[in-house]
$ cat start.cif   # mmCIF, C-alpha atoms
data_upload
#
loop_
_atom_site.label_atom_id
_atom_site.label_comp_id
_atom_site.auth_asym_id
_atom_site.auth_seq_id
_atom_site.Cartn_x
_atom_site.Cartn_y
_atom_site.Cartn_z
CA MET A 175 112.08 95.56 103.42
CA PRO A 176 112.84 98.85 101.65
CA GLU A 177 113.04 98.34 97.89
CA GLY A 178 115.26 99.98 95.31
CA ASP A 179 113.13 103.09 94.90
CA THR A 180 113.03 103.67 98.67
CA VAL A 181 116.80 103.28 98.92
CA TRP A 182 117.29 105.64 95.96
CA LEU A 183 115.21 108.29 97.73
CA ALA A 184 117.10 107.74 101.00
CA ALA A 185 120.38 108.24 99.13
CA LYS A 186 119.10 111.43 97.53
CA ARG A 187 118.07 112.85 100.90
CA LEU A 188 121.43 112.01 102.44
CA HIS A 189 123.28 113.44 99.46
CA ASP A 190 121.26 116.65 99.40
CA ALA A 191 121.76 117.16 103.14
CA LEU A 192 125.44 116.25 103.51
CA ALA A 193 127.31 116.40 100.21
CA GLY A 194 130.01 119.06 100.18
CA GLN A 195 129.61 119.70 103.91
CA VAL A 196 132.16 119.24 106.68
CA LEU A 197 131.19 116.90 109.50
CA THR A 198 131.07 118.51 112.93
CA ARG A 199 130.25 115.21 114.63
CA SER A 200 130.10 111.50 113.91
CA ASP A 201 128.97 108.67 116.13
CA PHE A 202 128.92 104.98 115.19
CA ARG A 203 127.18 102.82 117.76
CA VAL A 204 128.53 99.44 116.81
CA PRO A 205 131.46 97.94 118.74
CA LYS A 206 133.83 97.64 115.77
CA TYR A 207 133.60 101.34 114.89
CA ALA A 208 132.81 102.90 118.26
CA THR A 209 136.08 104.87 118.26
CA VAL A 210 135.88 106.11 114.66
CA ASP A 211 135.66 109.91 114.48
CA LEU A 212 135.09 111.58 111.09
CA SER A 213 134.78 115.12 112.46
CA GLY A 214 136.47 117.58 110.11
CA ARG A 215 136.08 115.41 107.01
CA THR A 216 134.07 116.57 104.03
CA VAL A 217 131.22 114.37 102.84
CA LEU A 218 131.63 113.78 99.12
CA GLY A 219 128.17 112.29 98.62
CA THR A 220 125.89 109.29 98.91
CA THR A 221 125.03 106.95 96.08
CA PRO A 222 122.65 103.97 96.01
CA ARG A 223 123.60 100.59 94.56
CA GLY A 224 120.54 98.35 94.46
CA LYS A 225 119.47 98.24 98.10
CA HIS A 226 122.88 99.35 99.39
CA LEU A 227 123.96 102.86 100.36
CA LEU A 228 127.51 104.14 99.88
CA THR A 229 128.40 107.39 101.65
CA ARG A 230 131.83 108.66 100.63
CA PHE A 231 134.16 110.93 102.57
CA GLU A 232 137.35 112.74 101.68
CA GLY A 233 140.40 110.61 102.23
CA GLY A 234 139.08 107.67 100.23
CA LEU A 235 136.72 106.33 102.89
CA THR A 236 133.21 104.92 102.30
CA LEU A 237 130.47 104.09 104.80
CA HIS A 238 128.47 101.12 103.49
CA THR A 239 125.00 100.65 105.00
CA HIS A 240 122.03 98.43 104.20
CA LEU A 241 118.54 98.99 105.58
CA ARG A 242 117.44 95.33 105.44
CA MET A 243 113.94 94.91 106.88
CA GLU A 244 113.54 97.84 109.27
CA GLY A 245 116.46 100.23 108.83
CA ALA A 246 116.10 103.91 107.95
CA TRP A 247 118.14 107.06 107.55
CA LYS A 248 116.46 110.22 108.83
CA VAL A 249 117.67 113.80 108.27
CA TYR A 250 116.97 116.53 110.82
CA GLY A 251 117.63 120.24 111.06
CA THR A 252 119.56 121.86 113.89
CA GLY A 253 117.59 121.60 117.11
CA GLU A 254 114.92 119.37 115.56
CA ARG A 255 113.78 116.43 117.67
CA TRP A 256 114.86 113.03 116.37
CA ARG A 257 111.80 110.90 115.70
CA GLY A 258 113.06 107.74 114.00
CA GLY A 259 112.83 105.50 117.05
CA PRO A 260 114.27 105.08 120.55
CA ALA A 261 117.90 106.02 121.15
CA HIS A 262 119.03 102.42 121.55
CA GLN A 263 118.10 101.79 117.90
CA ILE A 264 120.48 104.46 116.58
CA ARG A 265 123.51 102.99 114.82
CA ALA A 266 125.06 106.06 113.15
CA VAL A 267 125.04 109.84 113.43
CA LEU A 268 126.54 112.19 110.82
CA ALA A 269 126.22 115.87 111.69
CA THR A 270 127.14 119.09 109.88
CA ALA A 271 126.56 122.67 110.95
CA ASP A 272 122.90 122.62 109.95
CA ARG A 273 121.88 119.01 109.24
CA THR A 274 122.07 115.73 111.14
CA ALA A 275 121.61 112.32 109.51
CA VAL A 276 120.64 109.54 111.90
CA GLY A 277 120.72 105.88 110.93
CA TYR A 278 118.20 103.71 112.78
CA ARG A 279 118.21 99.90 112.98
CA LEU A 280 120.93 99.58 110.33
CA GLN A 281 121.64 95.88 109.97
CA VAL A 282 124.77 96.45 107.88
CA LEU A 283 127.27 99.16 108.77
CA GLU A 284 130.90 98.94 107.71
CA PHE A 285 133.73 101.11 106.47
CA LEU A 286 135.55 100.40 103.22
CA ARG A 287 138.26 102.04 101.24
CA THR A 288 136.40 103.82 98.42
CA GLY A 289 138.49 102.00 95.86
CA GLU A 290 137.34 98.68 97.32
CA GLU A 291 133.56 99.24 97.26
CA GLU A 292 133.15 96.30 94.89
CA ARG A 293 133.85 94.03 97.85
CA ALA A 294 130.41 95.00 99.14
CA VAL A 295 128.41 95.50 95.95
CA GLY A 296 130.34 93.81 93.18
CA HIS A 297 128.09 90.75 93.28
CA LEU A 298 124.99 92.75 92.32
CA GLY A 299 123.33 92.55 88.95
CA PRO A 300 122.40 95.63 86.89
CA ASP A 301 120.91 98.35 89.09
CA LEU A 302 117.36 99.20 88.02
CA LEU A 303 117.92 102.84 89.01
CA GLY A 304 121.65 103.06 88.37
CA PRO A 305 123.90 104.14 85.52
CA ASP A 306 124.86 100.50 84.92
CA TRP A 307 121.28 99.45 84.08
CA ASN A 308 121.30 96.94 81.23
CA PRO A 309 117.97 95.18 80.47
CA ASP A 310 119.58 92.61 78.18
CA ARG A 311 122.04 91.54 80.85
CA ALA A 312 119.29 91.47 83.47
CA LEU A 313 117.16 89.22 81.28
CA ALA A 314 120.10 86.91 80.59
CA ASN A 315 120.73 86.66 84.33
CA LEU A 316 117.09 85.78 85.01
CA LEU A 317 117.04 83.10 82.30
CA ALA A 318 120.35 81.55 83.34
CA ASP A 319 118.52 79.18 85.71
CA PRO A 320 115.33 78.31 83.77
CA ALA A 321 113.99 75.95 86.45
CA ARG A 322 114.02 78.60 89.15
CA ALA A 323 110.71 80.11 90.26
CA LEU A 324 110.12 83.55 88.78
CA GLY A 325 109.52 85.22 92.13
CA GLU A 326 112.76 83.86 93.57
CA ALA A 327 114.72 84.93 90.50
CA LEU A 328 113.34 88.48 90.71
CA LEU A 329 114.35 88.80 94.36
CA ASP A 330 117.90 87.57 93.70
CA GLN A 331 119.94 90.77 93.66
CA ARG A 332 122.64 89.04 91.63
CA ASN A 333 120.23 88.98 88.68
CA LEU A 334 119.06 92.59 88.88
CA ALA A 335 119.36 94.92 91.83
CA GLY A 336 116.48 96.76 93.46
CA ILE A 337 113.42 94.49 93.41
CA GLY A 338 111.87 93.58 96.75
CA ASN A 339 108.83 91.61 97.78
CA ILE A 340 106.24 94.22 96.79
CA TYR A 341 107.58 94.69 93.28
CA LYS A 342 108.00 90.94 92.91
CA SER A 343 104.29 90.37 93.45
CA GLU A 344 103.24 93.36 91.34
CA LEU A 345 105.50 92.48 88.41
CA CYS A 346 104.28 88.89 88.32
CA PHE A 347 100.71 90.16 88.21
CA LEU A 348 101.44 92.65 85.45
CA ILE A 349 102.97 90.01 83.17
CA GLY A 350 100.25 87.46 84.03
CA ALA A 351 102.45 84.77 85.61
CA THR A 352 102.41 83.30 89.11
CA PRO A 353 105.59 83.81 91.17
CA TRP A 354 106.07 80.02 91.15
CA LEU A 355 106.23 79.68 87.37
CA PRO A 356 109.70 78.50 86.29
CA VAL A 357 111.50 81.35 84.57
CA GLY A 358 112.13 79.16 81.56
CA ALA A 359 108.38 78.59 81.12
CA LEU A 360 107.66 82.30 80.82
CA PRO A 361 106.57 83.06 77.23
CA ALA A 362 109.34 84.82 75.32
CA ASP A 363 107.30 87.95 74.66
CA ARG A 364 106.57 88.40 78.37
CA ALA A 365 110.16 87.67 79.39
CA ALA A 366 111.42 90.27 76.92
CA VAL A 367 109.40 93.10 78.47
CA LEU A 368 109.96 92.13 82.11
CA PRO A 369 113.24 94.01 82.80
CA GLY A 370 112.00 97.20 81.16
CA LEU A 371 108.72 97.04 83.04
CA ALA A 372 110.56 96.59 86.33
CA GLN A 373 112.78 99.57 85.60
CA ARG A 374 109.83 101.80 84.68
CA LEU A 375 107.95 100.89 87.85
CA LEU A 376 110.87 101.74 90.12
CA GLU A 377 111.73 104.90 88.22
CA SER A 378 108.17 106.19 88.36
CA ASN A 379 108.05 105.62 92.12
CA ARG A 380 111.47 106.77 93.22
CA ASP A 381 110.32 110.27 94.20
CA ARG A 382 107.05 109.14 95.79
CA VAL A 383 106.30 108.49 99.43
CA VAL A 384 103.40 106.16 98.52
CA ARG A 385 104.30 103.49 95.97
CA ARG A 386 101.86 103.08 93.06
CA THR A 387 101.74 100.44 90.34
CA THR A 388 98.13 100.66 89.13
CA GLY A 389 97.53 104.15 87.82
CA LEU A 390 94.13 103.94 89.52
CA ARG A 391 92.97 106.77 91.75
CA ASP A 392 91.73 104.69 94.68
CA HIS A 393 94.13 101.75 94.53
CA ASP A 394 97.90 101.93 94.83
CA LEU A 395 98.78 98.26 94.23
CA TYR A 396 97.19 95.45 92.25
CA VAL A 397 97.81 92.48 94.54
CA TYR A 398 100.35 93.09 97.31
CA GLY A 399 98.65 93.34 100.70
CA ARG A 400 95.19 92.89 99.18
CA ALA A 401 94.25 89.29 100.12
CA PRO A 402 91.38 88.33 100.24
CA ARG A 403 89.92 91.38 98.52
CA PRO A 404 88.79 91.04 94.89
CA CYS A 405 91.21 91.39 92.01
CA LEU A 406 90.97 94.85 90.47
CA ARG A 407 90.73 93.28 87.02
CA CYS A 408 88.59 90.16 87.36
CA GLY A 409 87.08 90.18 90.86
CA THR A 410 88.62 86.87 91.98
CA PRO A 411 89.80 87.00 95.61
CA ILE A 412 93.53 87.72 95.80
CA ARG A 413 95.46 84.89 97.41
CA LEU A 414 98.40 84.86 99.80
CA ALA A 415 101.16 82.30 100.38
CA ASP A 416 104.80 82.21 101.43
CA GLN A 417 107.61 81.93 98.93
CA GLY A 418 111.28 81.51 99.75
CA ASP A 419 114.03 83.64 98.27
CA GLY A 420 116.94 81.50 99.38
CA SER A 421 117.15 83.15 102.80
CA ARG A 422 113.62 83.37 104.22
CA GLU A 423 109.96 82.90 103.39
CA ARG A 424 108.18 86.01 102.16
CA PRO A 425 104.45 86.76 101.86
CA THR A 426 103.48 86.59 98.20
CA TYR A 427 100.24 87.76 96.62
CA TRP A 428 98.66 86.79 93.30
CA CYS A 429 95.40 86.45 91.41
CA PRO A 430 94.67 82.80 90.53
CA THR A 431 92.62 83.89 87.51
CA CYS A 432 94.76 86.62 85.94
CA GLN A 433 98.06 84.82 86.53
CA THR A 434 98.90 81.46 85.03
CA GLY A 435 101.33 78.89 86.38
CA PRO A 436 101.82 76.73 89.48
CA ALA A 437 100.89 77.99 92.95
CA PRO A 438 100.39 76.54 96.44
CA THR A 439 97.03 74.89 96.90
CA PRO A 440 94.69 76.13 99.65
CA GLY A 441 95.48 74.34 102.88
CA SER A 442 99.12 73.60 102.01
CA ARG A 443 101.79 74.53 104.52
CA HIS A 444 102.83 77.48 102.33
CA ALA A 445 99.33 78.89 101.87
CA HIS A 446 97.81 81.37 104.30
CA GLY A 447 94.24 81.92 105.26
CA THR A 448 92.33 84.79 103.75
CA SER A 449 92.86 87.34 106.51
CA PRO A 450 94.17 90.58 105.02
CA ARG A 451 97.70 91.80 105.62
CA THR A 452 98.99 95.32 105.91
CA THR A 453 101.05 96.60 103.00
CA ASN A 454 104.60 97.41 104.12
#
$ encode --input "start.cif" --output "structure tokens"
Amino acid sequence: MPEGDTVWLAAKRLHDALAGQVLTRSDFRVPKYATVDLSGRTVLGTTPRGKHLLTRFEGGLTLHTHLRMEGAWKVYGTGERWRGGPAHQIRAVLATADRTAVGYRLQVLEFLRTGEEERAVGHLGPDLLGPDWNPDRALANLLADPARALGEALLDQRNLAGIGNIYKSELCFLIGATPWLPVGALPADRAAVLPGLAQRLLESNRDRVVRRTTGLRDHDLYVYGRAPRPCLRCGTPIRLADQGDGSRERPTYWCPTCQTGPAPTPGSRHAHGTSPRTTN
């Protein structure tokens, strides 16, 4: 699933390509909006909110999209071949005189009145890359349910918006806690730095194509996608197991030596074998 930094970059590309331009064509390939035609409207801009994208048009209209697991917005020049996937995966087309934005595999696509955007994003916690970022509020949100597993709390967009499965695993490693440690059991000094660390990681990666959390030349990530290779700090094989986030199980990586707290035991129904996985 694209994470907050990926969505921020997608919003920037859409904004840079379309903002201030008049649409010459629009095409929405979902039954509810198949007859909507925005030709002649000016695009005011695109802004990210957590993992959501809000594209605003003159007349007080907003297109709300969410990439979920496999969605993507691609921008092409006039006459350039579209390469984001087969035609049947296209859900939206926004074209100006010299740029065309194509939305592939968009799992959420809806129109809202711009003044009613909070209907779609009002439930979100502070946005790690947004103007509303507030580390104190984010920490209070995380600690509000002290019995909840840290990894689940980090993925809950109502606590803070923008963290996905990769950052969840990397953040837990960096603060030395397993994703299954109850939030309330996290030492106060580690809890205090967690929101700021999350924000710095996303901010440092928002303009990058390849996400990096290590600062090491030959290794982009500390634990995510690295099972059963050795930990970059201690050499212990990285482990892999599933962890729920309230909606689905997600592959979770950790070092059993560098990170303290509960974790699935080898052979449990949540634990995987040691075959490596590809980083997404």
$ residues_around --input "start.cif" --residues "segment 382-388 of chain A" --least-positions-apart "5" --cutoff "10 Å" --atoms "only C-alpha atoms" --output "list in words"
Asp179, Thr180, Leu183, Ile340, Tyr341, Glu344, Leu345, Leu348, Arg374, Leu375, Leu376, Glu377, His393, Asp394, Leu395, Tyr396, Val397 and Leu406 of chain A
$ closest_residue --input "start.cif" --among "A:Ala437, A:Cys432, A:Val357, A:Leu303" --to "Leu328 of chain A" --atoms "all atoms listed in the file"
A:Val357
$ residues_around --input "start.cif" --residues "Thr229 of chain A" --least-positions-apart "5" --cutoff "8 Å" --atoms "all atoms listed in the file" --output "PyMOL selection string"
chain A and resi 217-221+236-238
$ closest_residue --input "start.cif" --among "A:Arg400, A:Arg242, A:Arg257, A:Lys248" --to "Arg413 of chain A" --atoms "only C-alpha atoms"
A:Arg400
$ residues_around --input "start.cif" --residues "segment 295-298 of chain A" --least-positions-apart "6" --cutoff "9 Å" --atoms "all atoms listed in the file" --output "JSON, numbers by chain"
{"A": [223, 224, 226, 330, 331, 332, 333, 334, 335]}
$ residues_around --input "start.cif" --residues "Pro369 of chain A" --least-positions-apart "4" --cutoff "8 Å" --atoms "all atoms listed in the file" --output "count of residues only"
6
$ atom_distance --input "start.cif" --atom1 "atom CA of Gly358 of chain A" --atom2 "atom CA of Trp428 of chain A"
19.4 Å
$ closest_residue --input "start.cif" --among "A:Pro411, A:Ile337, A:Pro361, A:Glu292" --to "Thr431 of chain A" --atoms "all atoms listed in the file"
A:Pro411
$ resolve_selection --input "start.cif" --expression "the PyMOL selection byres ((chain A and resi 351) around 8)" --output "PDB file with C-alpha atoms, keeping the file's coordinate frame"
ATOM      1  CA  CYS A 346     104.280  88.890  88.320  1.00  0.00           C
ATOM      2  CA  PHE A 347     100.710  90.160  88.210  1.00  0.00           C
ATOM      3  CA  LEU A 348     101.440  92.650  85.450  1.00  0.00           C
ATOM      4  CA  ILE A 349     102.970  90.010  83.170  1.00  0.00           C
ATOM      5  CA  GLY A 350     100.250  87.460  84.030  1.00  0.00           C
ATOM      6  CA  THR A 352     102.410  83.300  89.110  1.00  0.00           C
ATOM      7  CA  PRO A 353     105.590  83.810  91.170  1.00  0.00           C
ATOM      8  CA  LEU A 355     106.230  79.680  87.370  1.00  0.00           C
ATOM      9  CA  LEU A 360     107.660  82.300  80.820  1.00  0.00           C
ATOM     10  CA  CYS A 432      94.760  86.620  85.940  1.00  0.00           C
ATOM     11  CA  GLN A 433      98.060  84.820  86.530  1.00  0.00           C
ATOM     12  CA  THR A 434      98.900  81.460  85.030  1.00  0.00           C
ATOM     13  CA  GLY A 435     101.330  78.890  86.380  1.00  0.00           C
TER      14      GLY A 435
END
$ atom_distance --input "start.cif" --atom1 "atom CA of Gln263 of chain A" --atom2 "atom CA of Glu244 of chain A"
10.5 Å
$ resolve_selection --input "start.cif" --expression "the PyMOL selection byres ((chain A and resi 338) around 8)" --output "PyMOL selection string"
chain A and resi 175-178+329+336-337+339-342
$ write_last_selection --input "start.cif" --atoms "C-alpha atoms" --output "mmCIF file, in the coordinates of the input"
data_model
loop_
_atom_site.group_PDB
_atom_site.id
_atom_site.type_symbol
_atom_site.label_atom_id
_atom_site.label_comp_id
_atom_site.auth_asym_id
_atom_site.auth_seq_id
_atom_site.Cartn_x
_atom_site.Cartn_y
_atom_site.Cartn_z
ATOM 1 C CA MET A 175 112.080 95.560 103.420
ATOM 2 C CA PRO A 176 112.840 98.850 101.650
ATOM 3 C CA GLU A 177 113.040 98.340 97.890
ATOM 4 C CA GLY A 178 115.260 99.980 95.310
ATOM 5 C CA LEU A 329 114.350 88.800 94.360
ATOM 6 C CA GLY A 336 116.480 96.760 93.460
ATOM 7 C CA ILE A 337 113.420 94.490 93.410
ATOM 8 C CA ASN A 339 108.830 91.610 97.780
ATOM 9 C CA ILE A 340 106.240 94.220 96.790
ATOM 10 C CA TYR A 341 107.580 94.690 93.280
ATOM 11 C CA LYS A 342 108.000 90.940 92.910
#
$ closest_residue --input "start.cif" --among "A:Ala366, A:Leu302, A:Val204, A:Ala314" --to "Leu280 of chain A" --atoms "only C-alpha atoms"
A:Val204
$ resolve_selection --input "start.cif" --expression "the PyMOL selection byres ((chain A and resi 233) around 9)" --output "PyMOL selection string"
chain A and resi 215-216+230-232+234-235+287-288
$ atom_distance --input "start.cif" --atom1 "atom CA of Ala321 of chain A" --atom2 "atom CA of Ala359 of chain A"
8.2 Å
$ closest_residue --input "start.cif" --among "A:Asp301, A:Asp201, A:Asp306, A:Asp381" --to "Ile264 of chain A" --atoms "all atoms listed in the file"
A:Asp201
$ closest_residue --input "start.cif" --among "A:Leu192, A:Ala246, A:Trp307, A:Gly325" --to "Glu423 of chain A" --atoms "only C-alpha atoms"
A:Gly325
$ decode --input "start.cif" --residues "segment 422-433 of chain A" --atoms "all heavy atoms" --output "PDB file, in the first residue's frame"
ATOM      1  N   ARG A 422      -7.187  -6.185   8.082  1.00  0.00           N
ATOM      2  CA  ARG A 422      -6.544  -7.315   7.428  1.00  0.00           C
ATOM      3  C   ARG A 422      -5.208  -7.586   8.095  1.00  0.00           C
ATOM      4  O   ARG A 422      -4.655  -6.744   8.797  1.00  0.00           O
ATOM      5  CB  ARG A 422      -6.336  -7.037   5.927  1.00  0.00           C
ATOM      6  CG  ARG A 422      -5.410  -5.878   5.649  1.00  0.00           C
ATOM      7  CD  ARG A 422      -5.419  -5.490   4.180  1.00  0.00           C
ATOM      8  NE  ARG A 422      -4.930  -6.554   3.345  1.00  0.00           N
ATOM      9  CZ  ARG A 422      -3.650  -6.693   2.999  1.00  0.00           C
ATOM     10  NH1 ARG A 422      -2.757  -5.821   3.425  1.00  0.00           N
ATOM     11  NH2 ARG A 422      -3.274  -7.688   2.240  1.00  0.00           N
ATOM     12  N   GLU A 423      -4.688  -8.789   7.856  1.00  0.00           N
ATOM     13  CA  GLU A 423      -3.369  -9.144   8.350  1.00  0.00           C
ATOM     14  C   GLU A 423      -2.303  -8.563   7.424  1.00  0.00           C
ATOM     15  O   GLU A 423      -2.460  -8.564   6.201  1.00  0.00           O
ATOM     16  CB  GLU A 423      -3.226 -10.671   8.403  1.00  0.00           C
ATOM     17  CG  GLU A 423      -4.193 -11.351   9.378  1.00  0.00           C
ATOM     18  CD  GLU A 423      -3.792 -11.133  10.821  1.00  0.00           C
ATOM     19  OE1 GLU A 423      -2.639 -11.431  11.175  1.00  0.00           O
ATOM     20  OE2 GLU A 423      -4.635 -10.640  11.589  1.00  0.00           O
ATOM     21  N   ARG A 424      -1.229  -8.069   8.014  1.00  0.00           N
ATOM     22  CA  ARG A 424      -0.165  -7.464   7.216  1.00  0.00           C
ATOM     23  C   ARG A 424       1.188  -8.065   7.595  1.00  0.00           C
ATOM     24  O   ARG A 424       1.457  -8.284   8.777  1.00  0.00           O
ATOM     25  CB  ARG A 424      -0.135  -5.952   7.425  1.00  0.00           C
ATOM     26  CG  ARG A 424      -1.418  -5.261   6.987  1.00  0.00           C
ATOM     27  CD  ARG A 424      -1.333  -3.773   7.222  1.00  0.00           C
ATOM     28  NE  ARG A 424      -2.592  -3.125   6.900  1.00  0.00           N
ATOM     29  CZ  ARG A 424      -2.950  -2.751   5.679  1.00  0.00           C
ATOM     30  NH1 ARG A 424      -2.131  -2.955   4.666  1.00  0.00           N
ATOM     31  NH2 ARG A 424      -4.118  -2.167   5.457  1.00  0.00           N
ATOM     32  N   PRO A 425       2.059  -8.326   6.624  1.00  0.00           N
ATOM     33  CA  PRO A 425       3.385  -8.859   6.938  1.00  0.00           C
ATOM     34  C   PRO A 425       4.186  -7.858   7.760  1.00  0.00           C
ATOM     35  O   PRO A 425       4.261  -6.670   7.418  1.00  0.00           O
ATOM     36  CB  PRO A 425       4.023  -9.092   5.559  1.00  0.00           C
ATOM     37  CG  PRO A 425       3.273  -8.185   4.637  1.00  0.00           C
ATOM     38  CD  PRO A 425       1.883  -8.110   5.175  1.00  0.00           C
ATOM     39  N   THR A 426       4.755  -8.336   8.844  1.00  0.00           N
ATOM     40  CA  THR A 426       5.447  -7.476   9.796  1.00  0.00           C
ATOM     41  C   THR A 426       6.824  -8.048  10.081  1.00  0.00           C
ATOM     42  O   THR A 426       6.967  -9.247  10.322  1.00  0.00           O
ATOM     43  CB  THR A 426       4.632  -7.380  11.102  1.00  0.00           C
ATOM     44  OG1 THR A 426       3.356  -6.807  10.786  1.00  0.00           O
ATOM     45  CG2 THR A 426       5.320  -6.516  12.132  1.00  0.00           C
ATOM     46  N   TYR A 427       7.829  -7.204  10.068  1.00  0.00           N
ATOM     47  CA  TYR A 427       9.214  -7.629  10.212  1.00  0.00           C
ATOM     48  C   TYR A 427       9.811  -7.018  11.476  1.00  0.00           C
ATOM     49  O   TYR A 427       9.528  -5.869  11.820  1.00  0.00           O
ATOM     50  CB  TYR A 427      10.025  -7.185   8.995  1.00  0.00           C
ATOM     51  CG  TYR A 427       9.536  -7.759   7.687  1.00  0.00           C
ATOM     52  CD1 TYR A 427       8.467  -7.181   7.002  1.00  0.00           C
ATOM     53  CD2 TYR A 427      10.145  -8.884   7.127  1.00  0.00           C
ATOM     54  CE1 TYR A 427       8.008  -7.712   5.801  1.00  0.00           C
ATOM     55  CE2 TYR A 427       9.702  -9.410   5.930  1.00  0.00           C
ATOM     56  CZ  TYR A 427       8.639  -8.827   5.278  1.00  0.00           C
ATOM     57  OH  TYR A 427       8.199  -9.357   4.093  1.00  0.00           O
ATOM     58  N   TRP A 428      10.677  -7.789  12.139  1.00  0.00           N
ATOM     59  CA  TRP A 428      11.333  -7.270  13.338  1.00  0.00           C
ATOM     60  C   TRP A 428      12.568  -8.091  13.662  1.00  0.00           C
ATOM     61  O   TRP A 428      12.752  -9.212  13.153  1.00  0.00           O
ATOM     62  CB  TRP A 428      10.369  -7.269  14.522  1.00  0.00           C
ATOM     63  CG  TRP A 428      10.178  -8.593  15.208  1.00  0.00           C
ATOM     64  CD1 TRP A 428      10.721  -8.997  16.401  1.00  0.00           C
ATOM     65  CD2 TRP A 428       9.386  -9.706  14.759  1.00  0.00           C
ATOM     66  NE1 TRP A 428      10.320 -10.276  16.726  1.00  0.00           N
ATOM     67  CE2 TRP A 428       9.501 -10.732  15.731  1.00  0.00           C
ATOM     68  CE3 TRP A 428       8.597  -9.946  13.618  1.00  0.00           C
ATOM     69  CZ2 TRP A 428       8.857 -11.962  15.598  1.00  0.00           C
ATOM     70  CZ3 TRP A 428       7.952 -11.173  13.486  1.00  0.00           C
ATOM     71  CH2 TRP A 428       8.099 -12.148  14.470  1.00  0.00           C
ATOM     72  N   CYS A 429      13.432  -7.520  14.483  1.00  0.00           N
ATOM     73  CA  CYS A 429      14.615  -8.215  14.976  1.00  0.00           C
ATOM     74  C   CYS A 429      14.345  -8.666  16.410  1.00  0.00           C
ATOM     75  O   CYS A 429      14.100  -7.817  17.282  1.00  0.00           O
ATOM     76  CB  CYS A 429      15.834  -7.297  14.946  1.00  0.00           C
ATOM     77  SG  CYS A 429      17.287  -8.040  15.759  1.00  0.00           S
ATOM     78  N   PRO A 430      14.373  -9.963  16.688  1.00  0.00           N
ATOM     79  CA  PRO A 430      14.062 -10.443  18.035  1.00  0.00           C
ATOM     80  C   PRO A 430      15.119 -10.083  19.074  1.00  0.00           C
ATOM     81  O   PRO A 430      14.868 -10.227  20.268  1.00  0.00           O
ATOM     82  CB  PRO A 430      13.962 -11.962  17.852  1.00  0.00           C
ATOM     83  CG  PRO A 430      14.776 -12.261  16.642  1.00  0.00           C
ATOM     84  CD  PRO A 430      14.630 -11.071  15.744  1.00  0.00           C
ATOM     85  N   THR A 431      16.278  -9.618  18.638  1.00  0.00           N
ATOM     86  CA  THR A 431      17.315  -9.199  19.585  1.00  0.00           C
ATOM     87  C   THR A 431      17.271  -7.703  19.856  1.00  0.00           C
ATOM     88  O   THR A 431      17.312  -7.261  21.012  1.00  0.00           O
ATOM     89  CB  THR A 431      18.705  -9.586  19.051  1.00  0.00           C
ATOM     90  OG1 THR A 431      18.776 -11.005  18.912  1.00  0.00           O
ATOM     91  CG2 THR A 431      19.798  -9.121  19.998  1.00  0.00           C
ATOM     92  N   CYS A 432      17.169  -6.900  18.814  1.00  0.00           N
ATOM     93  CA  CYS A 432      17.195  -5.443  18.980  1.00  0.00           C
ATOM     94  C   CYS A 432      15.880  -4.865  19.477  1.00  0.00           C
ATOM     95  O   CYS A 432      15.852  -3.731  19.968  1.00  0.00           O
ATOM     96  CB  CYS A 432      17.557  -4.775  17.654  1.00  0.00           C
ATOM     97  SG  CYS A 432      19.236  -5.120  17.076  1.00  0.00           S
ATOM     98  N   GLN A 433      14.793  -5.620  19.339  1.00  0.00           N
ATOM     99  CA  GLN A 433      13.482  -5.108  19.728  1.00  0.00           C
ATOM    100  C   GLN A 433      12.927  -5.940  20.876  1.00  0.00           C
ATOM    101  O   GLN A 433      12.891  -7.175  20.800  1.00  0.00           O
ATOM    102  CB  GLN A 433      12.515  -5.140  18.537  1.00  0.00           C
ATOM    103  CG  GLN A 433      12.944  -4.191  17.416  1.00  0.00           C
ATOM    104  CD  GLN A 433      12.164  -4.390  16.129  1.00  0.00           C
ATOM    105  OE1 GLN A 433      12.689  -4.900  15.146  1.00  0.00           O
ATOM    106  NE2 GLN A 433      10.904  -3.981  16.135  1.00  0.00           N
TER     107      GLN A 433
END
